[in-house]
Amino acid sequence: MNIFTIGGNGLVGSRVSEVLKNKYNVTNLSRTDGVDITNPQSLNIISSDKDHEWLIHYAAKADVDGCERDKEQGENGEAWQINVNGVKNVVNACKTNNKKLIYISTDLVFPGDRGNYTEDDIREPKNWYGVTKAEGEKIVESSGLHYLILRIAFPYNFFNGKKHFVFAMYNRLSQGLSIKGITDEVFTPTWLDDLAHAMDVLISQGAKGIFHVGGLKALTPYQIAGQIAEVFGLDKNLIGTTTREEYFAGMAYRPFDTSLNSSKIQNLGIKLHSLREGLQIIKEKT
Ligand SMILES: NC(=O)c1ccc[n+]([C@@H]2O[C@H](COP(=O)([O-])OP(=O)(O)OC[C@H]3O[C@@H](n4cnc5c(N)ncnc54)[C@H](OP(=O)(O)O)[C@@H]3O)[C@@H](O)[C@H]2O)c1
């Protein structure tokens, strides 16, 4: 099966494509090839294509604080242009030949007041990134296309040069540098190979709708740092504590608990990993 991706060179898409390429013929469309989702004409390659059954849309402005800075420009800002208008353009391009669409979304569409969110819980984002991603979800849902919306949280991966929070923590601790772990923020980090596996199963089963692909256990950044130190044999004394208020002062609002309940996808037989299991795999294969 042939699959198009957009944004497939980013943190999420690069690892998922690497896994999916064992089974699917994956072609990425990138800005370096002239494909810019904010420019509908550049998406003619999608609308004129009949060979690719699915399109996986990873592309986004995923920098939460960068998006927040765009908020005062509203719909003219880059976050809206890429995360909302860009999704509209991709959806329209997919409609021509009825391509099936996977849209990658985020736990930040939820308010974060209680956690354990299911696919049926209502969207109520609290920062501009979350607002724009939630708008993107609505566009996909009302598109009439065969779609999957896959919500992930704080994705991590092998230490392969792409920046993610697990690597950032590991990197400091392994150099003997201190870190401050937030104690009042909770989320379910996604092991990216789980996302790839989930996509494979969902595509094979012809599934539709929204699915959560979070990690098995909800953790604070402080707990995450502790697990990294334990698994890699690093000094736990380097890990101090902080709060969201202190750490994110002057930055975008970060909710308390956006943990995803991923039972729906587990009920399809998909095994998800806890952070500790993901870290063990990284350690064994690095
Ligand atoms: N990272 C996270 O913590 C996180 C958490 C939850 C959900 N997500 C979601 O996961 C998806 C992937 O995120 P990521 O972390 O992989 O982001 P990333 O590393 O920043 O990569 C984003 C990709 O989007 C592409 N892109 C941006 N603007 C574009 C445009 N106008 N036209 C075409 N391509 C464009 C970039 O292409 P270039 O290479 O040309 O720059 C890049 O390949 C996003 O939908 C994000 O919302 C991410």
# chains A, B, ... in the order shown; residues from 1 in each chain; ligands from 1
>>> closest_atom_pairs(of="chain A", to="ligand 1", cutoff="6 Å", atoms="only C-alpha atoms and all ligand atoms", output="Markdown table")
| residue | atom | partner | partner_atom_place_in_ligand_line | distance |
| --- | --- | --- | --- | --- |
| A:Ile6 | CA | ligand 1 | 34 (N) | 5.9 |
| A:Gly7 | CA | ligand 1 | 43 (O) | 3.5 |
| A:Gly8 | CA | ligand 1 | 43 (O) | 5.3 |
| A:Asn9 | CA | ligand 1 | 43 (O) | 4.2 |
| A:Gly10 | CA | ligand 1 | 21 (O) | 3.4 |
| A:Leu11 | CA | ligand 1 | 16 (O) | 3.7 |
| A:Val12 | CA | ligand 1 | 16 (O) | 3.7 |
| A:Gly13 | CA | ligand 1 | 16 (O) | 5.5 |
| A:Ser30 | CA | ligand 1 | 40 (O) | 5.4 |
| A:Arg31 | CA | ligand 1 | 40 (O) | 4.4 |
| A:Val35 | CA | ligand 1 | 33 (C) | 5.8 |
| A:Asp36 | CA | ligand 1 | 32 (N) | 3.5 |
| A:Ile37 | CA | ligand 1 | 32 (N) | 4.1 |
| A:Thr38 | CA | ligand 1 | 31 (N) | 5.2 |
| A:Tyr58 | CA | ligand 1 | 11 (C) | 4.3 |
| A:Ala59 | CA | ligand 1 | 24 (O) | 3.2 |
| A:Ala60 | CA | ligand 1 | 45 (O) | 4.7 |
| A:Lys61 | CA | ligand 1 | 27 (C) | 5.6 |
| A:Ala62 | CA | ligand 1 | 47 (O) | 4.7 |
| A:Ile82 | CA | ligand 1 | 31 (N) | 5.4 |
| A:Ile104 | CA | ligand 1 | 45 (O) | 4.7 |
| A:Ser105 | CA | ligand 1 | 7 (C) | 4.9 |
| A:Thr106 | CA | ligand 1 | 6 (C) | 4.1 |
| A:Ile152 | CA | ligand 1 | 6 (C) | 4.9 |
| A:Ala153 | CA | ligand 1 | 6 (C) | 4.5 |
| A:Phe154 | CA | ligand 1 | 3 (O) | 4.2 |
| A:Pro155 | CA | ligand 1 | 3 (O) | 5.5 |
>>> write_last_selection(atoms="C-alpha atoms", output="short mmCIF file (atom, residue, chain, number, x, y, z; two decimals), in the first residue's frame")
data_model
loop_
_atom_site.label_atom_id
_atom_site.label_comp_id
_atom_site.auth_asym_id
_atom_site.auth_seq_id
_atom_site.Cartn_x
_atom_site.Cartn_y
_atom_site.Cartn_z
CA ILE A 6 3.40 15.49 5.29
CA GLY A 7 5.75 16.54 8.10
CA GLY A 8 7.36 13.12 8.00
CA ASN A 9 10.82 14.54 8.73
CA GLY A 10 9.84 15.80 12.18
CA LEU A 11 10.24 14.11 15.55
CA VAL A 12 7.07 12.04 15.31
CA GLY A 13 6.90 11.32 11.58
CA SER A 30 8.09 18.28 2.47
CA ARG A 31 8.62 21.98 2.20
CA VAL A 35 4.89 21.28 -0.55
CA ASP A 36 3.71 23.89 1.92
CA ILE A 37 0.32 23.19 3.52
CA THR A 38 -0.42 26.91 3.81
CA TYR A 58 2.06 15.15 10.90
CA ALA A 59 2.89 18.70 9.86
CA ALA A 60 2.17 21.35 12.47
CA LYS A 61 3.60 24.22 14.39
CA ALA A 62 4.17 22.04 17.46
CA ILE A 82 -0.37 26.03 9.71
CA ILE A 104 -1.95 13.54 14.62
CA SER A 105 -3.28 15.48 17.58
CA THR A 106 -2.43 16.14 21.20
CA ILE A 152 -0.49 11.48 21.51
CA ALA A 153 1.37 13.11 24.40
CA PHE A 154 5.01 14.08 24.89
CA PRO A 155 6.35 11.63 22.29
#
>>> closest_atom_pairs(of="range 159-181 of chain A", to="range 247-263 of chain A", cutoff="12 Å", atoms="only C-alpha atoms", output="CSV")
residue,atom,partner,partner_atom,distance
A:Ile179,CA,A:Tyr247,CA,11.2
A:Lys180,CA,A:Tyr247,CA,8.4
A:Gly181,CA,A:Tyr247,CA,9.0
>>> select_by_dssp(residues="range 143-182 of chain A", states="strand (DSSP E)", output="PyMOL selection string")
chain A and resi 147-152+179-182
>>> atom_distance(atom1="CA of Ile102 in chain A", atom2="CA of Asn2 in chain A")
13.8 Å
>>> residues_around(residues="Ser174 in chain A", least_positions_apart="5", cutoff="9 Å", atoms="only C-alpha atoms", output="list in words")
Met169, Ala229, Phe232, Leu234 and Asp235 of chain A
>>> residues_around(residues="Val213 in chain A", least_positions_apart="3", cutoff="12 Å", atoms="only C-alpha atoms", output="MDAnalysis selection string")
chainID A and resid 104:107 117:119 148:155 187:199 202 210 216:217 259:268 270:274
>>> residues_around(residues="Trp54 in chain A", least_positions_apart="6", cutoff="12 Å", atoms="only C-alpha atoms", output="PyMOL selection string")
chain A and resi 1-6+24-28+46+91+94-95+97-103+145-148+199-200+202-204+206
>>> closest_residue(among="A:Gln280, A:Thr32, A:Asn85, A:Asn22", to="Gly136 in chain A", atoms="only C-alpha atoms")
A:Asn85
>>> closest_residue(among="A:Thr132, A:Asn76, A:Asn237, A:Thr220", to="Leu177 in chain A", atoms="only C-alpha atoms")
A:Asn237
>>> closest_residue(among="A:Leu238, A:Val90, A:Ile281, A:Leu275", to="Val166 in chain A", atoms="only C-alpha atoms")
A:Leu275
>>> atom_distance(atom1="CA of Asn89 in chain A", atom2="CA of Ala134 in chain A")
16.0 Å
>>> atom_distance(atom1="CA of Gln227 in chain A", atom2="CA of Lys126 in chain A")
28.5 Å
>>> residues_around(residues="Asn160 in chain A", least_positions_apart="5", cutoff="10 Å", atoms="only C-alpha atoms", output="number ranges by chain")
A: 11, 15, 167, 286
>>> write_last_selection(atoms="C-alpha atoms", output="compact mmCIF listing (two decimals), in the first residue's frame")
# COMPACT_ATOMS: atom_id res chain seq x y z
CA LEU A 11 10.24 14.11 15.55
CA ARG A 15 10.33 7.46 13.64
CA PHE A 167 16.59 12.84 25.60
CA THR A 286 21.51 2.13 22.08
>>> closest_residue(among="A:Val140, A:Gly214, A:Gly161, A:Trp128", to="Asp70 in chain A", atoms="only C-alpha atoms")
A:Trp128
>>> select_by_dssp(residues="range 111-188 of chain A", states="alpha helix (DSSP H)", output="PyMOL selection string")
chain A and resi 128-141+165-174
>>> write_last_selection(atoms="N, CA and C atoms", output="tab-separated table (two decimals), in the first residue's frame")
chain	number	residue	atom	x	y	z
A	128	TRP	N	-2.92	28.33	23.19
A	128	TRP	CA	-3.22	28.60	21.78
A	128	TRP	C	-2.88	27.41	20.89
A	129	TYR	N	-1.78	26.72	21.21
A	129	TYR	CA	-1.44	25.50	20.46
A	129	TYR	C	-2.62	24.52	20.54
A	130	GLY	N	-3.12	24.30	21.75
A	130	GLY	CA	-4.25	23.39	21.94
A	130	GLY	C	-5.48	23.85	21.17
A	131	VAL	N	-5.72	25.16	21.17
A	131	VAL	CA	-6.88	25.71	20.44
A	131	VAL	C	-6.75	25.39	18.95
A	132	THR	N	-5.56	25.63	18.40
A	132	THR	CA	-5.40	25.41	16.96
A	132	THR	C	-5.47	23.92	16.61
A	133	LYS	N	-4.92	23.07	17.47
A	133	LYS	CA	-4.98	21.62	17.19
A	133	LYS	C	-6.42	21.12	17.30
A	134	ALA	N	-7.17	21.66	18.26
A	134	ALA	CA	-8.58	21.26	18.40
A	134	ALA	C	-9.38	21.69	17.17
A	135	GLU	N	-9.08	22.90	16.65
A	135	GLU	CA	-9.76	23.35	15.42
A	135	GLU	C	-9.44	22.40	14.27
A	136	GLY	N	-8.19	21.98	14.19
A	136	GLY	CA	-7.78	21.01	13.16
A	136	GLY	C	-8.58	19.72	13.28
A	137	GLU	N	-8.76	19.24	14.49
A	137	GLU	CA	-9.55	18.01	14.70
A	137	GLU	C	-10.97	18.18	14.15
A	138	LYS	N	-11.56	19.35	14.46
A	138	LYS	CA	-12.96	19.57	14.03
A	138	LYS	C	-13.06	19.56	12.49
A	139	ILE	N	-12.06	20.14	11.84
A	139	ILE	CA	-12.06	20.17	10.36
A	139	ILE	C	-11.99	18.74	9.82
A	140	VAL	N	-11.14	17.93	10.42
A	140	VAL	CA	-11.01	16.54	9.96
A	140	VAL	C	-12.31	15.78	10.21
A	141	GLU	N	-12.89	15.97	11.39
A	141	GLU	CA	-14.13	15.25	11.74
A	141	GLU	C	-15.29	15.57	10.81
A	165	PHE	N	11.84	15.44	25.11
A	165	PHE	CA	12.09	15.77	26.51
A	165	PHE	C	12.86	14.67	27.24
A	166	VAL	N	12.66	13.40	26.88
A	166	VAL	CA	13.37	12.32	27.55
A	166	VAL	C	14.86	12.43	27.24
A	167	PHE	N	15.18	12.69	25.97
A	167	PHE	CA	16.59	12.84	25.60
A	167	PHE	C	17.20	14.06	26.28
A	168	ALA	N	16.42	15.15	26.35
A	168	ALA	CA	16.95	16.37	26.98
A	168	ALA	C	17.31	16.11	28.44
A	169	MET	N	16.44	15.38	29.15
A	169	MET	CA	16.72	15.07	30.56
A	169	MET	C	17.93	14.14	30.66
A	170	TYR	N	17.94	13.10	29.85
A	170	TYR	CA	19.04	12.13	29.86
A	170	TYR	C	20.36	12.84	29.57
A	171	ASN	N	20.33	13.71	28.58
A	171	ASN	CA	21.53	14.41	28.14
A	171	ASN	C	22.16	15.20	29.28
A	172	ARG	N	21.32	15.92	30.03
A	172	ARG	CA	21.86	16.71	31.14
A	172	ARG	C	22.39	15.80	32.25
A	173	LEU	N	21.56	14.83	32.63
A	173	LEU	CA	21.97	13.96	33.74
A	173	LEU	C	23.25	13.21	33.41
A	174	SER	N	23.37	12.76	32.16
A	174	SER	CA	24.56	11.97	31.79
A	174	SER	C	25.82	12.84	31.76
>>> residues_around(residues="Thr183 in chain A", least_positions_apart="4", cutoff="10 Å", atoms="only C-alpha atoms", output="tab-separated table (two decimals) with C-alpha atoms, in the first residue's frame")
chain	number	residue	atom	x	y	z
A	219	LEU	CA	3.78	10.57	35.31
A	220	THR	CA	5.12	13.97	36.37
A	221	PRO	CA	8.34	15.28	34.80
A	222	TYR	CA	9.96	14.78	38.23
A	223	GLN	CA	8.99	11.09	38.19
A	240	GLY	CA	15.52	18.89	42.00
A	241	THR	CA	11.88	19.91	42.03
A	242	THR	CA	9.95	22.81	40.60
A	243	THR	CA	6.39	23.80	39.77
A	244	ARG	CA	4.63	24.69	36.52
A	256	PHE	CA	-2.14	20.12	35.45
>>> closest_residue(among="A:Glu78, A:Lys285, A:Glu18, A:Glu246", to="Asp184 in chain A", atoms="only C-alpha atoms")
A:Glu246
>>> closest_residue(among="A:Arg69, A:Gly215, A:Ser17, A:Asn127", to="Ile56 in chain A", atoms="only C-alpha atoms")
A:Ser17
